[in-house]
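Have a look at input_6.cif below; it lists mmCIF, C-alpha atoms.
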data_final
loop_
_atom_site.label_atom_id
_atom_site.label_comp_id
_atom_site.auth_asym_id
_atom_site.auth_seq_id
_atom_site.Cartn_x
_atom_site.Cartn_y
_atom_site.Cartn_z
CA MET A 661 -132.44 31.55 53.52
CA SER A 662 -131.34 28.55 51.48
CA ILE A 663 -133.77 26.27 49.70
CA ALA A 664 -133.07 23.58 52.31
CA GLU A 665 -133.91 26.03 55.10
CA ASN A 666 -137.09 27.09 53.29
CA VAL A 667 -138.14 23.46 52.88
CA ALA A 668 -137.64 22.87 56.61
CA VAL A 669 -139.81 25.90 57.45
CA VAL A 670 -142.56 24.76 55.09
CA HIS A 671 -142.53 21.29 56.66
CA GLU A 672 -142.89 22.91 60.10
CA ARG A 673 -145.84 24.98 58.89
CA ILE A 674 -147.47 21.90 57.39
CA ALA A 675 -147.03 20.00 60.65
CA GLU A 676 -148.52 22.84 62.69
CA ALA A 677 -151.53 23.22 60.37
CA ALA A 678 -152.07 19.46 60.47
CA ARG A 679 -151.96 19.52 64.26
CA ARG A 680 -154.63 22.22 64.38
CA ALA A 681 -156.83 20.08 62.13
CA GLY A 682 -156.26 16.91 64.15
CA ARG A 683 -154.35 15.34 61.28
CA GLY A 684 -150.89 13.86 60.86
CA PRO A 685 -148.30 15.77 58.80
CA ARG A 686 -147.59 12.60 56.82
CA ASP A 687 -151.14 12.82 55.47
CA ILE A 688 -150.13 15.90 53.44
CA ALA A 689 -147.77 15.67 50.47
CA LEU A 690 -145.53 18.64 49.70
CA MET A 691 -145.20 19.34 45.98
CA ALA A 692 -142.48 21.77 44.91
CA VAL A 693 -143.71 23.96 42.06
CA THR A 694 -140.70 24.40 39.80
CA LYS A 695 -142.10 26.62 37.06
CA THR A 696 -139.40 29.04 35.77
CA HIS A 697 -136.76 27.60 38.12
CA PRO A 698 -133.57 26.16 36.57
CA PRO A 699 -132.36 22.58 37.08
CA GLU A 700 -129.70 23.53 39.61
CA ARG A 701 -132.26 25.00 42.00
CA ILE A 702 -134.55 22.01 41.53
CA ARG A 703 -131.58 19.81 42.42
CA GLU A 704 -131.21 21.76 45.66
CA ALA A 705 -134.83 21.01 46.52
CA HIS A 706 -134.27 17.34 45.76
CA ALA A 707 -131.17 17.35 47.95
CA ALA A 708 -133.34 18.84 50.72
CA GLY A 709 -135.53 15.74 50.56
CA LEU A 710 -138.31 16.70 48.17
CA ARG A 711 -139.43 14.09 45.65
CA LEU A 712 -142.71 15.47 44.31
CA PHE A 713 -142.48 18.24 41.71
CA GLY A 714 -145.02 20.19 39.68
CA GLU A 715 -144.51 21.98 36.37
CA ASN A 716 -146.95 24.33 34.63
CA ARG A 717 -145.80 24.13 31.02
CA VAL A 718 -144.99 21.11 28.89
CA GLN A 719 -142.52 22.93 26.68
CA GLU A 720 -140.60 24.41 29.61
CA PHE A 721 -140.23 21.08 31.36
CA ALA A 722 -139.23 19.38 28.12
CA GLY A 723 -136.22 21.70 28.08
CA LYS A 724 -135.22 20.74 31.63
CA ALA A 725 -136.13 17.05 31.76
CA ALA A 726 -132.82 15.66 30.49
CA ALA A 727 -130.85 17.66 33.05
CA LEU A 728 -133.02 16.20 35.84
CA ALA A 729 -133.40 12.63 34.61
CA ASP A 730 -130.93 11.23 37.16
CA LEU A 731 -132.80 12.53 40.24
CA ALA A 732 -133.65 9.41 42.22
CA GLU A 733 -137.34 8.87 43.01
CA ALA A 734 -138.36 12.25 41.59
CA GLU A 735 -142.00 12.30 40.47
CA TRP A 736 -143.12 14.93 37.98
CA HIS A 737 -146.67 16.21 37.71
CA MET A 738 -148.18 18.53 35.12
CA ILE A 739 -150.22 21.05 37.11
CA GLY A 740 -150.90 23.83 34.59
CA HIS A 741 -153.59 24.06 31.94
CA LEU A 742 -152.92 21.45 29.27
CA GLN A 743 -153.98 21.87 25.65
CA THR A 744 -155.16 18.71 23.93
CA ASN A 745 -152.48 19.02 21.23
CA LYS A 746 -149.81 18.65 23.93
CA ALA A 747 -151.38 15.62 25.60
CA GLY A 748 -148.98 13.21 23.93
CA LYS A 749 -145.87 15.03 25.12
CA ALA A 750 -147.34 15.43 28.60
CA ALA A 751 -148.01 11.69 28.81
CA GLU A 752 -144.41 11.06 27.81
CA LEU A 753 -142.82 13.48 30.29
CA PHE A 754 -145.00 13.27 33.38
CA ARG A 755 -146.09 10.66 35.90
CA ALA A 756 -149.37 12.51 36.43
CA VAL A 757 -151.54 15.28 35.01
CA ASP A 758 -153.29 17.12 37.83
CA SER A 759 -155.28 19.53 35.65
CA VAL A 760 -157.67 17.47 33.51
CA ASP A 761 -160.65 19.64 32.63
CA SER A 762 -162.40 17.95 29.70
CA VAL A 763 -163.36 14.52 28.42
CA LYS A 764 -161.53 15.27 25.17
CA LEU A 765 -158.28 15.90 27.05
CA ALA A 766 -158.76 12.78 29.14
CA GLU A 767 -159.30 10.72 26.00
CA LYS A 768 -156.15 12.13 24.38
CA LEU A 769 -154.13 11.35 27.51
CA ASP A 770 -155.52 7.83 27.62
CA ILE A 771 -154.48 7.14 24.03
CA ALA A 772 -151.02 8.61 24.63
CA ALA A 773 -150.50 6.68 27.85
CA ARG A 774 -151.43 3.45 26.06
CA ASN A 775 -148.90 4.24 23.34
CA PHE A 776 -146.19 4.70 25.95
CA GLY A 777 -147.28 1.57 27.81
CA LYS A 778 -147.82 3.44 31.05
CA LYS A 779 -150.50 4.20 33.60
CA LEU A 780 -151.01 7.95 33.99
CA SER A 781 -152.45 9.36 37.19
CA VAL A 782 -154.86 12.26 36.77
CA LEU A 783 -156.78 14.74 38.90
CA LEU A 784 -159.84 16.64 37.74
CA GLU A 785 -159.42 20.41 37.97
CA ILE A 786 -162.44 22.09 39.51
CA ASN A 787 -163.08 25.81 39.01
CA VAL A 788 -164.58 26.44 42.44
CA GLY A 789 -164.71 30.21 42.01
CA GLY A 790 -166.43 30.16 38.62
CA GLU A 791 -163.74 32.44 37.19
CA SER A 792 -163.89 32.81 33.41
CA VAL A 793 -160.12 33.39 33.20
CA LYS A 794 -159.33 30.03 34.82
CA SER A 795 -159.59 26.53 33.47
CA GLY A 796 -161.39 23.72 35.25
CA VAL A 797 -164.89 22.30 35.24
CA ALA A 798 -167.68 23.72 37.36
CA PRO A 799 -168.83 21.78 40.43
CA GLN A 800 -172.07 19.88 39.91
CA SER A 801 -171.78 20.37 36.16
CA ARG A 802 -172.56 18.05 33.28
CA GLU A 803 -168.88 18.22 32.27
CA LEU A 804 -167.81 16.95 35.68
CA GLU A 805 -170.30 14.10 35.52
CA GLU A 806 -169.06 13.12 32.05
CA LEU A 807 -165.46 13.13 33.26
CA MET A 808 -166.29 10.94 36.22
CA MET A 809 -168.12 8.46 34.01
CA ALA A 810 -165.17 8.38 31.61
CA ALA A 811 -163.09 6.78 34.35
CA THR A 812 -164.76 3.46 33.69
CA ARG A 813 -163.51 3.25 30.09
CA LEU A 814 -160.19 5.13 30.06
CA GLU A 815 -158.16 2.29 31.47
CA ALA A 816 -154.73 3.85 30.96
CA LEU A 817 -155.69 6.66 33.33
CA GLU A 818 -155.83 6.41 37.09
CA PHE A 819 -158.41 8.91 38.35
CA ARG A 820 -157.12 9.89 41.80
CA GLY A 821 -159.14 12.91 42.92
CA LEU A 822 -159.59 16.67 42.55
CA MET A 823 -157.50 19.82 42.25
CA THR A 824 -158.37 23.51 42.43
CA VAL A 825 -156.88 26.99 42.27
CA PRO A 826 -159.32 29.26 44.13
CA PRO A 827 -159.73 32.98 43.47
CA PHE A 828 -156.71 34.83 44.83
CA THR A 829 -157.29 36.79 48.03
CA GLU A 830 -154.82 38.76 50.12
CA ASN A 831 -156.30 37.19 53.24
CA PRO A 832 -155.82 33.40 53.11
CA GLN A 833 -158.86 32.93 55.33
CA GLU A 834 -161.05 34.13 52.49
CA ALA A 835 -160.03 31.06 50.50
CA ARG A 836 -161.36 28.74 53.20
CA ARG A 837 -164.86 28.51 51.76
CA TYR A 838 -163.48 27.42 48.38
CA PHE A 839 -161.30 24.73 49.95
CA ARG A 840 -164.26 23.54 51.99
CA GLN A 841 -166.39 23.43 48.86
CA LEU A 842 -163.86 21.19 47.11
CA ARG A 843 -163.59 18.89 50.12
CA GLU A 844 -167.37 18.55 50.28
CA LEU A 845 -167.48 17.80 46.55
CA ARG A 846 -164.78 15.17 47.00
CA ASP A 847 -166.71 13.59 49.87
CA THR A 848 -169.88 13.47 47.74
CA ILE A 849 -168.01 11.80 44.89
CA ALA A 850 -166.33 9.33 47.23
CA ALA A 851 -169.70 8.33 48.67
CA ARG A 852 -170.96 7.48 45.19
CA LYS A 853 -168.17 4.93 44.68
CA VAL A 854 -167.90 5.61 40.95
CA PRO A 855 -166.13 2.66 39.27
CA GLY A 856 -162.57 3.56 38.33
CA PHE A 857 -162.65 6.86 40.20
CA SER A 858 -160.68 7.12 43.43
CA ALA A 859 -161.21 10.29 45.43
CA ASP A 860 -158.29 10.03 47.84
CA VAL A 861 -156.32 13.04 46.56
CA LEU A 862 -157.37 16.62 47.28
CA SER A 863 -154.76 18.96 45.78
CA MET A 864 -155.32 22.48 47.06
CA GLY A 865 -153.29 25.20 48.71
CA MET A 866 -150.26 27.19 47.55
CA SER A 867 -147.56 29.26 49.25
CA HIS A 868 -149.85 31.95 50.64
CA ASP A 869 -152.78 29.78 51.75
CA PHE A 870 -151.68 26.15 52.15
CA GLU A 871 -152.18 26.14 55.91
CA VAL A 872 -155.86 27.00 55.51
CA ALA A 873 -156.12 24.34 52.79
CA ILE A 874 -154.66 21.73 55.14
CA GLU A 875 -157.16 22.69 57.82
CA GLU A 876 -159.90 22.06 55.25
CA GLY A 877 -158.61 18.65 54.20
CA SER A 878 -155.93 19.10 51.54
CA THR A 879 -153.81 16.01 50.94
CA CYS A 880 -151.31 17.78 48.65
CA VAL A 881 -150.09 21.37 48.78
CA ARG A 882 -148.35 22.95 45.78
CA VAL A 883 -145.63 25.30 47.02
CA GLY A 884 -143.31 27.37 44.87
CA THR A 885 -142.48 30.82 46.25
CA ALA A 886 -142.10 29.66 49.87
CA ILE A 887 -139.45 27.19 48.73
CA PHE A 888 -137.66 28.90 45.83
CA GLY A 889 -138.43 32.57 46.37
CA MET A 890 -140.07 34.83 43.82
CA ARG A 891 -140.31 33.50 40.26
CA VAL A 892 -138.28 34.85 37.42
CA GLU A 893 -140.51 34.68 34.35
CA MET A 894 -138.90 32.92 31.40
#
Write the structure described by the file as structure tokens, please.
Amino acid sequence: MSIAENVAVVHERIAEAARRAGRGPRDIALMAVTKTHPPERIREAHAAGLRLFGENRVQEFAGKAAALADLAEAEWHMIGHLQTNKAGKAAELFRAVDSVDSVKLAEKLDIAARNFGKKLSVLLEINVGGESVKSGVAPQSRELEELMMAATRLEALEFRGLMTVPPFTENPQEARRYFRQLRELRDTIAARKVPGFSADVLSMGMSHDFEVAIEEGSTCVRVGTAIFGMRVEM
């Protein structure tokens, strides 16, 4: 199947999952994960109507950005783990960083965004599974509280919500409890009305489990393989 056909199928699956959850399909954003995929294939996804794109590595996207600069209305998000020494380049290249996991990183992004005269959207990455091999802050942790409080002073950042990558399971249903945990955490944060911290974005769900994530409240699904096929590591 072509990328355009894959995109149409994914949209159908999103709509069906939204229907089961009593939600509207327009409530869920589809982000195309373009890691390892060349500009020409990303252009095909754009031609199929996609405008939201996620990259995992600053250096990789830096090598593709010029070839994609003319794509109308394309919005680029950094979704992979970001080292603090690459915060400046990330702030230059991306509209948003969806994987903020420390106050230090948030502060570096704030300084960089100010230098570029831009407002940078960010999501806090939550390690819902407590996996040592994954980045993200623990739910109910001191680090999370410090990040939330930082929203009041880091004025070049727009704190929009939460993101997670749950432990991988062959059965997507086994990820449901992690998605539910993130939604409940988001609801708790939203109820607190922390100044400067919006909790309207819940980024969770990938190619193999995004339907379950939608049923649990995801507002943005990050889909790579179901759109582009299997990755070719660079």
Of the listed residues A:Leu765, A:Ala811, A:Leu690, A:Ala725, that which approaches Arg711 of chain A most closely, counting all atoms listed in the file: A:Leu690
I'd like to know which of A:Ile786, A:Ala727, A:Ala681, A:Met890 is closest to Arg703 of chain A, using all atoms listed in the file.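 Selected residue with least distance to Arg703 of chain A: A:Ala727.
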Applied to the shown file, which residues does the PyMOL selection byres ((chain A and resi 783) around 6) return, written as a list in words? Asp758, Ser759, Val782, Leu784, Arg820, Gly821 and Leu822 of chain A
Looking at all atoms listed in the file, which of A:Pro832, A:Gly684, A:Gly723, A:Pro799 is the one that sits closest to Pro698 of chain A?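 Of the candidates, the smallest distance to Pro698 of chain A is held by A:Gly723.
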Nearest candidate to Glu676 of chain A (options A:Gly889, A:Ile874, A:Arg882, A:Tyr838; using all atoms listed in the file):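 Counting all atoms listed in the file, the residue closest to Glu676 of chain A is A:Ile874.
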Smallest atom-to-atom distance to Ser801 of chain A: which of A:Leu845, A:Glu830, A:Val760, A:Ile688, using all atoms listed in the file?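 Smallest distance to Ser801 of chain A is found for A:Leu845.
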Distance criterion (only C-alpha atoms): nearest to Phe721 of chain A out of A:Met864, A:Met738, A:Val854, A:Ala692: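 Selected residue with least distance to Phe721 of chain A: A:Met738.
Between atom CA of Glu733 of chain A and atom CA of Glu785 of chain A the separation is 25.4 Å.
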Quick check, in Å to one decimal: how far apart do atom CA of Arg717 of chain A and atom CA of Glu735 of chain A lie?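 Taking atom CA of Arg717 of chain A and atom CA of Glu735 of chain A, their separation equals 15.6 Å.
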Go ahead and compute the interatomic distance for atom CA of Thr694 of chain A and atom CA of Asp730 of chain A, in Å to one decimal.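 Those two atoms sit 16.6 Å apart.
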What does the PyMOL selection byres ((chain A and resi 716) around 7) select in this file, as a PyMOL selection string? chain A and resi 695+714-715+717-718+738-740
12 Å contact set for Thr829 of chain A, all atoms listed in the file, chain neighbours under 3 positions out, as a compact mmCIF listing (two decimals) with C-alpha atoms, in the frame of the given file:
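Saved the output as part_28.txt:
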# COMPACT_ATOMS: atom_id res chain seq x y z
CA GLY A 789 -164.71 30.21 42.01
CA VAL A 825 -156.88 26.99 42.27
CA PRO A 826 -159.32 29.26 44.13
CA PRO A 832 -155.82 33.40 53.11
CA GLN A 833 -158.86 32.93 55.33
CA GLU A 834 -161.05 34.13 52.49
CA ALA A 835 -160.03 31.06 50.50
CA ARG A 836 -161.36 28.74 53.20
CA ARG A 837 -164.86 28.51 51.76
CA TYR A 838 -163.48 27.42 48.38
CA MET A 866 -150.26 27.19 47.55
CA HIS A 868 -149.85 31.95 50.64
CA ASP A 869 -152.78 29.78 51.75
Determine, counting all atoms listed in the file, every residue of protein, DNA or RNA that lies within 9 Å of (-156.8, 18.2, 53.3) in the file coordinates, then give the result as a list in words.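 In the file's frame, the residues around the point are Ala678, Arg683, Asp687, Ile688, Phe839, Arg843, Val861, Leu862, Ser863, Met864, Ala873, Ile874, Glu875, Glu876, Gly877, Ser878, Thr879, Cys880 and Val881 of chain A.
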Output file for the selection above: C-alpha atoms, as an mmCIF file, in the coordinates of the input:
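Contents of the output file out-v3.cif:
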data_model
loop_
_atom_site.group_PDB
_atom_site.id
_atom_site.type_symbol
_atom_site.label_atom_id
_atom_site.label_comp_id
_atom_site.auth_asym_id
_atom_site.auth_seq_id
_atom_site.Cartn_x
_atom_site.Cartn_y
_atom_site.Cartn_z
ATOM 1 C CA ALA A 678 -152.070 19.460 60.470
ATOM 2 C CA ARG A 683 -154.350 15.340 61.280
ATOM 3 C CA ASP A 687 -151.140 12.820 55.470
ATOM 4 C CA ILE A 688 -150.130 15.900 53.440
ATOM 5 C CA PHE A 839 -161.300 24.730 49.950
ATOM 6 C CA ARG A 843 -163.590 18.890 50.120
ATOM 7 C CA VAL A 861 -156.320 13.040 46.560
ATOM 8 C CA LEU A 862 -157.370 16.620 47.280
ATOM 9 C CA SER A 863 -154.760 18.960 45.780
ATOM 10 C CA MET A 864 -155.320 22.480 47.060
ATOM 11 C CA ALA A 873 -156.120 24.340 52.790
ATOM 12 C CA ILE A 874 -154.660 21.730 55.140
ATOM 13 C CA GLU A 875 -157.160 22.690 57.820
ATOM 14 C CA GLU A 876 -159.900 22.060 55.250
ATOM 15 C CA GLY A 877 -158.610 18.650 54.200
ATOM 16 C CA SER A 878 -155.930 19.100 51.540
ATOM 17 C CA THR A 879 -153.810 16.010 50.940
ATOM 18 C CA CYS A 880 -151.310 17.780 48.650
ATOM 19 C CA VAL A 881 -150.090 21.370 48.780
#
Would you translate the PyMOL selection byres ((chain A and resi 744-746) around 8) into the concrete set of residues it matches in this file, as a PyMOL selection string? chain A and resi 718+742-743+747-750+764-765+768
Using all atoms listed in the file, which protein or nucleic acid residues come within 12 Å of Glu752 of chain A? Drop anything in the same chain fewer than 4 positions from it, and give the result as a VMD selection string. chain A and resid 718 721 to 722 725 736 to 738 746 to 748 756 to 757 769 to 780
Okay, now the selection with C-alpha atoms, as a PDB file, keeping the file's coordinate frame?
ATOM      1  CA  VAL A 718    -144.990  21.110  28.890  1.00  0.00           C
ATOM      2  CA  PHE A 721    -140.230  21.080  31.360  1.00  0.00           C
ATOM      3  CA  ALA A 722    -139.230  19.380  28.120  1.00  0.00           C
ATOM      4  CA  ALA A 725    -136.130  17.050  31.760  1.00  0.00           C
ATOM      5  CA  TRP A 736    -143.120  14.930  37.980  1.00  0.00           C
ATOM      6  CA  HIS A 737    -146.670  16.210  37.710  1.00  0.00           C
ATOM      7  CA  MET A 738    -148.180  18.530  35.120  1.00  0.00           C
ATOM      8  CA  LYS A 746    -149.810  18.650  23.930  1.00  0.00           C
ATOM      9  CA  ALA A 747    -151.380  15.620  25.600  1.00  0.00           C
ATOM     10  CA  GLY A 748    -148.980  13.210  23.930  1.00  0.00           C
ATOM     11  CA  ALA A 756    -149.370  12.510  36.430  1.00  0.00           C
ATOM     12  CA  VAL A 757    -151.540  15.280  35.010  1.00  0.00           C
ATOM     13  CA  LEU A 769    -154.130  11.350  27.510  1.00  0.00           C
ATOM     14  CA  ASP A 770    -155.520   7.830  27.620  1.00  0.00           C
ATOM     15  CA  ILE A 771    -154.480   7.140  24.030  1.00  0.00           C
ATOM     16  CA  ALA A 772    -151.020   8.610  24.630  1.00  0.00           C
ATOM     17  CA  ALA A 773    -150.500   6.680  27.850  1.00  0.00           C
ATOM     18  CA  ARG A 774    -151.430   3.450  26.060  1.00  0.00           C
ATOM     19  CA  ASN A 775    -148.900   4.240  23.340  1.00  0.00           C
ATOM     20  CA  PHE A 776    -146.190   4.700  25.950  1.00  0.00           C
ATOM     21  CA  GLY A 777    -147.280   1.570  27.810  1.00  0.00           C
ATOM     22  CA  LYS A 778    -147.820   3.440  31.050  1.00  0.00           C
ATOM     23  CA  LYS A 779    -150.500   4.200  33.600  1.00  0.00           C
ATOM     24  CA  LEU A 780    -151.010   7.950  33.990  1.00  0.00           C
TER      25      LEU A 780
END
Which protein, DNA or RNA residues have an atom at most 12 Å from (-164.7, 4.6, 29.3), counting only C-alpha atoms? List them as a ChimeraX atom specification. /A:763-764,766-767,770-771,806-819,855-857
Quick one: residues within 9 Å of Glu791 of chain A, all atoms listed in the file counted, chain neighbours fewer than 4 positions away excluded, as a list in words?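 Counting all atoms listed in the file, the residues come to Asn787, Ser795, Pro826 and Pro827 of chain A.
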